[in-house]
>>> print(open('final.pdb').read())   # PDB, C-alpha atoms
ATOM      1  CA  SER A   1     137.383 231.571  75.138
ATOM      2  CA  PHE A   2     135.472 233.968  72.826
ATOM      3  CA  GLN A   3     134.189 236.173  75.641
ATOM      4  CA  GLU A   4     135.052 237.390  79.125
ATOM      5  CA  GLY A   5     133.308 235.685  82.040
ATOM      6  CA  LYS A   6     130.562 233.065  81.980
ATOM      7  CA  CYS A   7     127.915 233.091  79.272
ATOM      8  CA  LEU A   8     125.569 231.228  81.636
ATOM      9  CA  THR A   9     125.530 230.941  85.419
ATOM     10  CA  PRO A  10     125.549 227.189  86.211
ATOM     11  CA  GLY A  11     122.343 225.945  87.771
ATOM     12  CA  ASN A  12     119.209 223.872  87.253
ATOM     13  CA  PRO A  13     118.289 225.523  84.997
ATOM     14  CA  PRO A  14     121.228 227.850  84.307
ATOM     15  CA  GLN A  15     120.702 231.574  84.764
ATOM     16  CA  VAL A  16     121.092 233.700  81.622
ATOM     17  CA  PRO A  17     122.817 237.041  82.349
ATOM     18  CA  PHE A  18     122.862 238.021  78.647
ATOM     19  CA  PRO A  19     119.453 236.909  77.280
ATOM     20  CA  ARG A  20     119.892 238.754  73.977
ATOM     21  CA  HIS A  21     122.842 236.463  73.209
ATOM     22  CA  PHE A  22     122.426 233.239  75.184
ATOM     23  CA  CYS A  23     119.619 230.950  76.348
ATOM     24  CA  SER A  24     118.931 227.783  78.335
ATOM     25  CA  VAL A  25     115.647 226.380  76.978
ATOM     26  CA  ALA A  26     116.068 223.952  74.091
ATOM     27  CA  GLY A  27     114.207 225.090  70.974
ATOM     28  CA  LEU A  28     113.139 228.462  72.376
ATOM     29  CA  SER A  29     112.642 230.729  69.369
ATOM     30  CA  SER A  30     113.912 234.287  69.069
ATOM     31  CA  CYS A  31     116.185 236.296  66.776
ATOM     32  CA  SER A  32     119.849 235.731  66.024
ATOM     33  CA  VAL A  33     122.274 238.143  67.702
ATOM     34  CA  GLY A  34     122.678 240.190  64.513
ATOM     35  CA  ARG A  35     118.885 240.011  63.963
ATOM     36  CA  LYS A  36     119.166 238.913  60.361
ATOM     37  CA  HIS A  37     117.581 235.508  61.022
ATOM     38  CA  LEU A  38     114.944 233.844  63.127
ATOM     39  CA  ALA A  39     116.755 231.522  65.500
ATOM     40  CA  SER A  40     116.264 228.910  68.201
ATOM     41  CA  CYS A  41     118.150 227.960  71.348
ATOM     42  CA  ASN A  42     120.681 225.267  70.477
ATOM     43  CA  VAL A  43     120.774 223.196  73.660
ATOM     44  CA  VAL A  44     121.860 219.664  72.716
ATOM     45  CA  GLN A  45     122.503 216.371  74.483
ATOM     46  CA  TYR A  46     125.969 214.820  74.206
ATOM     47  CA  SER A  47     126.961 211.191  74.677
ATOM     48  CA  GLY A  48     129.331 212.052  77.501
ATOM     49  CA  ALA A  49     129.992 214.710  80.121
ATOM     50  CA  LEU A  50     131.261 218.080  78.938
ATOM     51  CA  PRO A  51     134.474 219.596  80.363
ATOM     52  CA  SER A  52     133.778 220.549  83.982
ATOM     53  CA  ALA A  53     134.380 224.278  83.380
ATOM     54  CA  MET A  54     131.717 224.237  80.671
ATOM     55  CA  GLN A  55     128.977 222.341  82.498
ATOM     56  CA  TYR A  56     126.247 224.946  82.845
ATOM     57  CA  PHE A  57     123.346 222.519  83.296
ATOM     58  CA  THR A  58     124.218 221.201  86.748
ATOM     59  CA  ALA A  59     121.519 218.511  86.709
ATOM     60  CA  ASP A  60     122.889 217.029  83.476
ATOM     61  CA  PRO A  61     126.628 217.322  82.651
ATOM     62  CA  THR A  62     125.980 215.965  79.143
ATOM     63  CA  LYS A  63     123.816 218.941  78.157
ATOM     64  CA  GLY A  64     125.151 222.133  76.613
ATOM     65  CA  GLY A  65     125.378 224.372  73.558
ATOM     66  CA  GLY A  66     125.887 222.994  70.089
ATOM     67  CA  THR A  67     129.548 223.874  69.519
ATOM     68  CA  ASP A  68     132.792 223.723  71.474
ATOM     69  CA  GLN A  69     133.921 226.889  69.658
ATOM     70  CA  ALA A  70     131.448 228.759  71.855
ATOM     71  CA  ASP A  71     132.596 226.955  75.029
ATOM     72  CA  TYR A  72     129.377 224.892  74.854
ATOM     73  CA  CYS A  73     127.365 228.001  75.625
ATOM     74  CA  SER A  74     123.830 227.616  74.306
ATOM     75  CA  TYR A  75     122.955 230.528  72.032
ATOM     76  CA  PHE A  76     120.260 231.444  69.530
ATOM     77  CA  LYS A  77     121.331 229.589  66.395
ATOM     78  CA  PRO A  78     120.079 231.114  63.105
ATOM     79  CA  TRP A  79     117.646 229.101  61.011
ATOM     80  CA  ALA A  80     119.082 228.621  57.524
ATOM     81  CA  ASN A  81     115.593 228.894  55.987
ATOM     82  CA  ARG A  82     114.564 232.086  57.812
ATOM     83  CA  ASP A  83     117.016 234.718  56.624
ATOM     84  CA  CYS A  84     115.008 237.943  56.818
ATOM     85  CA  ARG A  85     116.935 239.526  53.934
ATOM     86  CA  PHE A  86     115.738 237.129  51.221
ATOM     87  CA  SER A  87     112.197 237.091  49.859
ATOM     88  CA  LYS A  88     112.433 233.400  48.950
ATOM     89  CA  PHE A  89     112.171 232.562  52.661
ATOM     90  CA  GLY A  90     109.113 234.748  53.203
ATOM     91  CA  PRO A  91     105.450 233.723  53.353
ATOM     92  CA  SER A  92     105.023 234.144  49.592
ATOM     93  CA  GLY A  93     108.529 233.031  48.659
ATOM     94  CA  SER A  94     109.446 230.080  46.481
ATOM     95  CA  SER A  95     111.240 228.212  49.272
ATOM     96  CA  GLN A  96     108.351 227.536  51.664
ATOM     97  CA  PRO A  97     105.064 229.232  50.655
ATOM     98  CA  ARG A  98     102.826 229.706  53.715
ATOM     99  CA  ASN A  99     100.248 232.039  55.207
ATOM    100  CA  ASN A 100     101.566 235.274  56.673
ATOM    101  CA  PHE A 101     100.398 234.703  60.233
ATOM    102  CA  PHE A 102     102.932 237.025  61.871
ATOM    103  CA  GLY A 103     102.857 240.207  59.760
ATOM    104  CA  GLU A 104     106.232 239.530  58.188
ATOM    105  CA  THR A 105     108.152 240.920  55.229
ATOM    106  CA  TYR A 106     111.291 239.279  53.861
ATOM    107  CA  GLU A 107     113.420 241.692  51.841
ATOM    108  CA  THR A 108     116.909 243.228  51.848
ATOM    109  CA  SER A 109     116.102 245.786  54.545
ATOM    110  CA  SER A 110     114.180 243.424  56.825
ATOM    111  CA  ARG A 111     115.439 242.460  60.270
ATOM    112  CA  CYS A 112     114.257 240.143  63.035
ATOM    113  CA  PHE A 113     112.352 241.663  65.961
ATOM    114  CA  ASP A 114     111.236 240.147  69.248
ATOM    115  CA  SER A 115     107.540 239.750  68.615
ATOM    116  CA  THR A 116     104.506 237.826  69.825
ATOM    117  CA  LEU A 117     102.171 239.307  67.199
ATOM    118  CA  ALA A 118     100.105 236.531  65.651
ATOM    119  CA  SER A 119      96.965 236.147  63.579
ATOM    120  CA  ASP A 120      93.841 235.132  65.486
ATOM    121  CA  THR A 121      93.486 232.187  63.094
ATOM    122  CA  ILE A 122      96.280 230.152  64.717
ATOM    123  CA  SER A 123      97.081 228.771  68.153
ATOM    124  CA  THR A 124      99.178 231.017  70.392
ATOM    125  CA  SER A 125     101.434 228.086  71.291
ATOM    126  CA  SER A 126     102.501 227.681  67.655
ATOM    127  CA  ALA A 127     103.721 231.273  67.311
ATOM    128  CA  PRO A 128     107.480 231.969  67.272
ATOM    129  CA  LYS A 129     108.930 234.670  69.507
ATOM    130  CA  GLY A 130     110.489 236.567  66.620
ATOM    131  CA  ALA A 131     109.477 237.876  63.216
ATOM    132  CA  CYS A 132     111.093 239.397  60.129
ATOM    133  CA  MET A 133     109.839 242.927  59.502
ATOM    134  CA  ALA A 134     110.632 245.599  56.904
ATOM    135  CA  VAL A 135     112.719 248.558  58.122
ATOM    136  CA  ARG A 136     112.900 252.150  56.836
ATOM    137  CA  CYS A 137     115.836 254.152  58.195
ATOM    138  CA  HIS A 138     115.916 257.831  59.159
ATOM    139  CA  ALA A 139     118.603 259.993  60.742
ATOM    140  CA  GLN A 140     117.361 259.717  64.335
ATOM    141  CA  SER A 141     114.901 256.840  64.225
ATOM    142  CA  TYR A 142     113.579 254.080  62.004
ATOM    143  CA  GLU A 143     110.205 252.669  61.043
ATOM    144  CA  VAL A 144     109.140 249.052  61.200
ATOM    145  CA  GLY A 145     106.495 247.799  58.775
ATOM    146  CA  ILE A 146     103.963 245.193  59.915
ATOM    147  CA  VAL A 147     101.755 243.460  57.340
ATOM    148  CA  LEU A 148      98.120 243.458  58.472
ATOM    149  CA  PRO A 149      96.080 240.235  58.255
ATOM    150  CA  GLN A 150      94.204 239.902  54.991
ATOM    151  CA  THR A 151      90.437 240.003  55.342
ATOM    152  CA  GLY A 152      88.233 238.638  52.569
ATOM    153  CA  ASP A 153      89.291 239.896  49.152
ATOM    154  CA  THR A 154      91.002 242.978  50.571
ATOM    155  CA  PRO A 155      94.728 243.003  49.691
ATOM    156  CA  SER A 156      97.198 242.940  52.580
ATOM    157  CA  THR A 157      98.583 246.309  53.570
ATOM    158  CA  THR A 158     101.596 247.327  55.651
ATOM    159  CA  GLN A 159     101.226 249.619  58.663
ATOM    160  CA  TRP A 160     104.362 251.563  59.651
ATOM    161  CA  PHE A 161     105.413 252.514  63.171
ATOM    162  CA  THR A 162     108.281 254.726  64.328
ATOM    163  CA  CYS A 163     110.841 253.192  66.672
ATOM    164  CA  SER A 164     112.106 256.296  68.446
ATOM    165  CA  SER A 165     113.769 254.407  71.281
ATOM    166  CA  GLU A 166     114.804 250.868  72.110
ATOM    167  CA  SER A 167     111.979 250.643  74.653
ATOM    168  CA  THR A 168     109.215 251.394  72.113
ATOM    169  CA  THR A 169     106.662 248.607  71.670
ATOM    170  CA  VAL A 170     103.873 248.107  69.161
ATOM    171  CA  GLY A 171     100.803 246.331  70.531
ATOM    172  CA  ALA A 172      98.260 244.327  68.555
ATOM    173  CA  ALA A 173      95.572 246.872  69.450
ATOM    174  CA  GLN A 174      97.513 249.539  67.516
ATOM    175  CA  LEU A 175      97.298 247.498  64.322
ATOM    176  CA  ASN A 176      94.058 248.319  62.543
ATOM    177  CA  GLY A 177      92.309 248.400  65.929
ATOM    178  CA  GLY A 178      93.457 244.862  66.663
ATOM    179  CA  ALA A 179      91.302 243.341  63.916
ATOM    180  CA  GLY A 180      92.603 239.923  62.925
ATOM    181  CA  TRP A 181      95.246 239.750  65.687
ATOM    182  CA  GLN A 182      95.393 237.779  68.897
ATOM    183  CA  SER A 183      95.003 240.104  71.864
ATOM    184  CA  GLY A 184      98.046 240.815  74.001
ATOM    185  CA  GLY A 185     100.654 240.356  71.278
ATOM    186  CA  SER A 186     103.336 242.975  70.752
ATOM    187  CA  LEU A 187     106.560 243.796  68.935
ATOM    188  CA  ASN A 188     109.592 245.281  70.692
ATOM    189  CA  CYS A 189     111.750 247.803  68.876
ATOM    190  CA  ALA A 190     115.443 246.973  68.616
ATOM    191  CA  PRO A 191     118.623 249.079  68.726
ATOM    192  CA  TYR A 192     119.012 251.436  65.795
ATOM    193  CA  SER A 193     122.145 249.614  64.650
ATOM    194  CA  VAL A 194     120.092 246.491  63.887
ATOM    195  CA  GLY A 195     119.084 247.720  60.459
ATOM    196  CA  CYS A 196     120.482 251.211  60.110
ATOM    197  CA  ASP A 197     124.132 250.907  61.108
ATOM    198  CA  GLU A 198     125.219 252.826  57.998
ATOM    199  CA  VAL A 199     123.583 255.943  59.483
ATOM    200  CA  SER A 200     125.120 257.880  62.374
ATOM    201  CA  ALA A 201     123.264 256.606  65.425
ATOM    202  CA  PRO A 202     122.308 258.588  68.522
ATOM    203  CA  GLU A 203     123.684 257.285  71.832
ATOM    204  CA  TRP A 204     120.570 255.357  72.916
ATOM    205  CA  MET A 205     120.636 253.362  69.677
ATOM    206  CA  THR A 206     124.157 251.985  70.071
ATOM    207  CA  HIS A 207     124.294 248.192  70.411
ATOM    208  CA  THR A 208     126.423 247.437  73.480
ATOM    209  CA  GLY A 209     126.725 243.657  73.299
ATOM    210  CA  LYS A 210     130.228 242.174  73.015
ATOM    211  CA  ASN A 211     129.499 239.011  71.095
ATOM    212  CA  HIS A 212     128.953 239.386  67.360
ATOM    213  CA  ILE A 213     130.074 235.998  66.064
ATOM    214  CA  TYR A 214     126.604 234.839  65.051
ATOM    215  CA  ILE A 215     124.409 236.699  62.588
TER
END
>>> encode(input="final.pdb", output="structure tokens")
Amino acid sequence: SFQEGKCLTPGNPPQVPFPRHFCSVAGLSSCSVGRKHLASCNVVQYSGALPSAMQYFTADPTKGGGTDQADYCSYFKPWANRDCRFSKFGPSGSSQPRNNFFGETYETSSRCFDSTLASDTISTSSAPKGACMAVRCHAQSYEVGIVLPQTGDTPSTTQWFTCSSESTTVGAAQLNGGAGWQSGGSLNCAPYSVGCDEVSAPEWMTHTGKNHIYI
């Protein structure tokens, strides 16, 4: 086993004691553990029952995570085409050009943040629960850059916010007065070590999770 104790508490549905690492809803979008990719919950259906000790979905013994190497724990599996560190995967990249509905930036310093920020031009239900944002590191904090929605012929601009603690959030109303954003959306700051682990981190910024096998 790659970890101590149960990744999920068996049930219908299973309980998730470590929601930053594991999940129980197939296709639920978030960030990978290392926050370098967007990711989705890899619950899959097998043709037969899983080993009894690894049956977390009590209503369906054939359901579990996508790999036996993780004891069939369902985790947030990185999307190969949403690596935050490469511009080719971004809204204006060569891989999949698209509108920048979520304020994203794909570049070397970018990391994935839990976010429900979304342009008011799309349906809320179509928005992922994570987004790739630019990061600027400082000795005791970091800044996250959110690209504002483009209006008319005005070029897009990036608004920067300081993440001074892991509990800091950025609400849509703080972004250019909320213009162009769906109301109620927000971005949650992440541990300092997400994008600035080469800098000495204060105690509150230390990432305490045990499982680092998935980026």
>>> residues_around(input="final.pdb", residues="range 145-150 of chain A", least_positions_apart="3", cutoff="7 Å", atoms="only C-alpha atoms", output="list in words")
Gly103, Glu104, Ser119, Met133, Ala134, Val135, Thr154, Pro155, Ser156, Thr157, Thr158, Gln159, Trp160, Phe161 and Gly180 of chain A
>>> resolve_selection(input="final.pdb", expression="the PyMOL selection byres ((chain A and resi 20) around 10)", output="PyMOL selection string")
chain A and resi 16-19+21-23+30-34+75-76+114+209
>>> residues_near_point(input="final.pdb", point="(112.8, 245.2, 65.5)", cutoff="6 Å", atoms="only C-alpha atoms", output="PyMOL selection string")
chain A and resi 112-113+189-190
>>> residues_around(input="final.pdb", residues="range 48-61 of chain A", least_positions_apart="4", cutoff="6 Å", atoms="all atoms listed in the file", output="PyMOL selection string")
chain A and resi 10-12+14
>>> atom_distance(input="final.pdb", atom1="CA of Val170 in chain A", atom2="CA of Gly130 in chain A")
13.5 Å
>>> closest_residue(input="final.pdb", among="A:Cys84, A:Glu166, A:Gly90, A:Gly177", to="Tyr192 in chain A", atoms="all atoms listed in the file")
A:Glu166
>>> resolve_selection(input="final.pdb", expression="the PyMOL selection byres ((chain A and resi 120) around 8)", output="number ranges by chain")
A: 118-119, 121-123, 180-182
>>> closest_residue(input="final.pdb", among="A:Glu107, A:Ser193, A:Phe102, A:Gln174", to="Ala139 in chain A", atoms="only C-alpha atoms")
A:Ser193
>>> residues_around(input="final.pdb", residues="Ser74 in chain A", least_positions_apart="5", cutoff="10 Å", atoms="only C-alpha atoms", output="PDB file with C-alpha atoms, keeping the file's coordinate frame")
ATOM      1  CA  CYS A   7     127.915 233.091  79.272  1.00  0.00           C
ATOM      2  CA  LEU A   8     125.569 231.228  81.636  1.00  0.00           C
ATOM      3  CA  VAL A  16     121.092 233.700  81.622  1.00  0.00           C
ATOM      4  CA  HIS A  21     122.842 236.463  73.209  1.00  0.00           C
ATOM      5  CA  PHE A  22     122.426 233.239  75.184  1.00  0.00           C
ATOM      6  CA  CYS A  23     119.619 230.950  76.348  1.00  0.00           C
ATOM      7  CA  SER A  24     118.931 227.783  78.335  1.00  0.00           C
ATOM      8  CA  VAL A  25     115.647 226.380  76.978  1.00  0.00           C
ATOM      9  CA  ALA A  26     116.068 223.952  74.091  1.00  0.00           C
ATOM     10  CA  SER A  40     116.264 228.910  68.201  1.00  0.00           C
ATOM     11  CA  CYS A  41     118.150 227.960  71.348  1.00  0.00           C
ATOM     12  CA  ASN A  42     120.681 225.267  70.477  1.00  0.00           C
ATOM     13  CA  VAL A  43     120.774 223.196  73.660  1.00  0.00           C
ATOM     14  CA  VAL A  44     121.860 219.664  72.716  1.00  0.00           C
ATOM     15  CA  TYR A  56     126.247 224.946  82.845  1.00  0.00           C
ATOM     16  CA  LYS A  63     123.816 218.941  78.157  1.00  0.00           C
ATOM     17  CA  GLY A  64     125.151 222.133  76.613  1.00  0.00           C
ATOM     18  CA  GLY A  65     125.378 224.372  73.558  1.00  0.00           C
ATOM     19  CA  GLY A  66     125.887 222.994  70.089  1.00  0.00           C
ATOM     20  CA  THR A  67     129.548 223.874  69.519  1.00  0.00           C
TER      21      THR A  67
END
>>> closest_residue(input="final.pdb", among="A:Cys163, A:Ala131, A:Ala80, A:Leu117", to="Ser29 in chain A", atoms="all atoms listed in the file")
A:Ala131
>>> atom_distance(input="final.pdb", atom1="CA of Lys36 in chain A", atom2="CA of Val194 in chain A")
8.4 Å
>>> resolve_selection(input="final.pdb", expression="the PyMOL selection byres ((chain A and resi 108) around 7)", output="count of residues only")
5
>>> atom_distance(input="final.pdb", atom1="CA of Cys196 in chain A", atom2="CA of His138 in chain A")
8.1 Å
>>> axis_aligned_box(input="final.pdb", around="range 163-167 of chain A", padding_each_side="5 Å", output="JSON")
{"center_x": 112.8, "center_y": 253.5, "center_z": 70.7, "size_x": 14.0, "size_y": 15.7, "size_z": 18.0}
>>> closest_residue(input="final.pdb", among="A:Thr116, A:Asn188, A:Asn176, A:Gln69", to="Val144 in chain A", atoms="all atoms listed in the file")
A:Asn188
>>> closest_residue(input="final.pdb", among="A:Tyr46, A:Tyr72, A:Leu187, A:Ala179", to="Ser167 in chain A", atoms="only C-alpha atoms")
A:Leu187
>>> closest_residue(input="final.pdb", among="A:Ser47, A:Cys137, A:Tyr142, A:Ser115", to="Gly184 in chain A", atoms="only C-alpha atoms")
A:Ser115
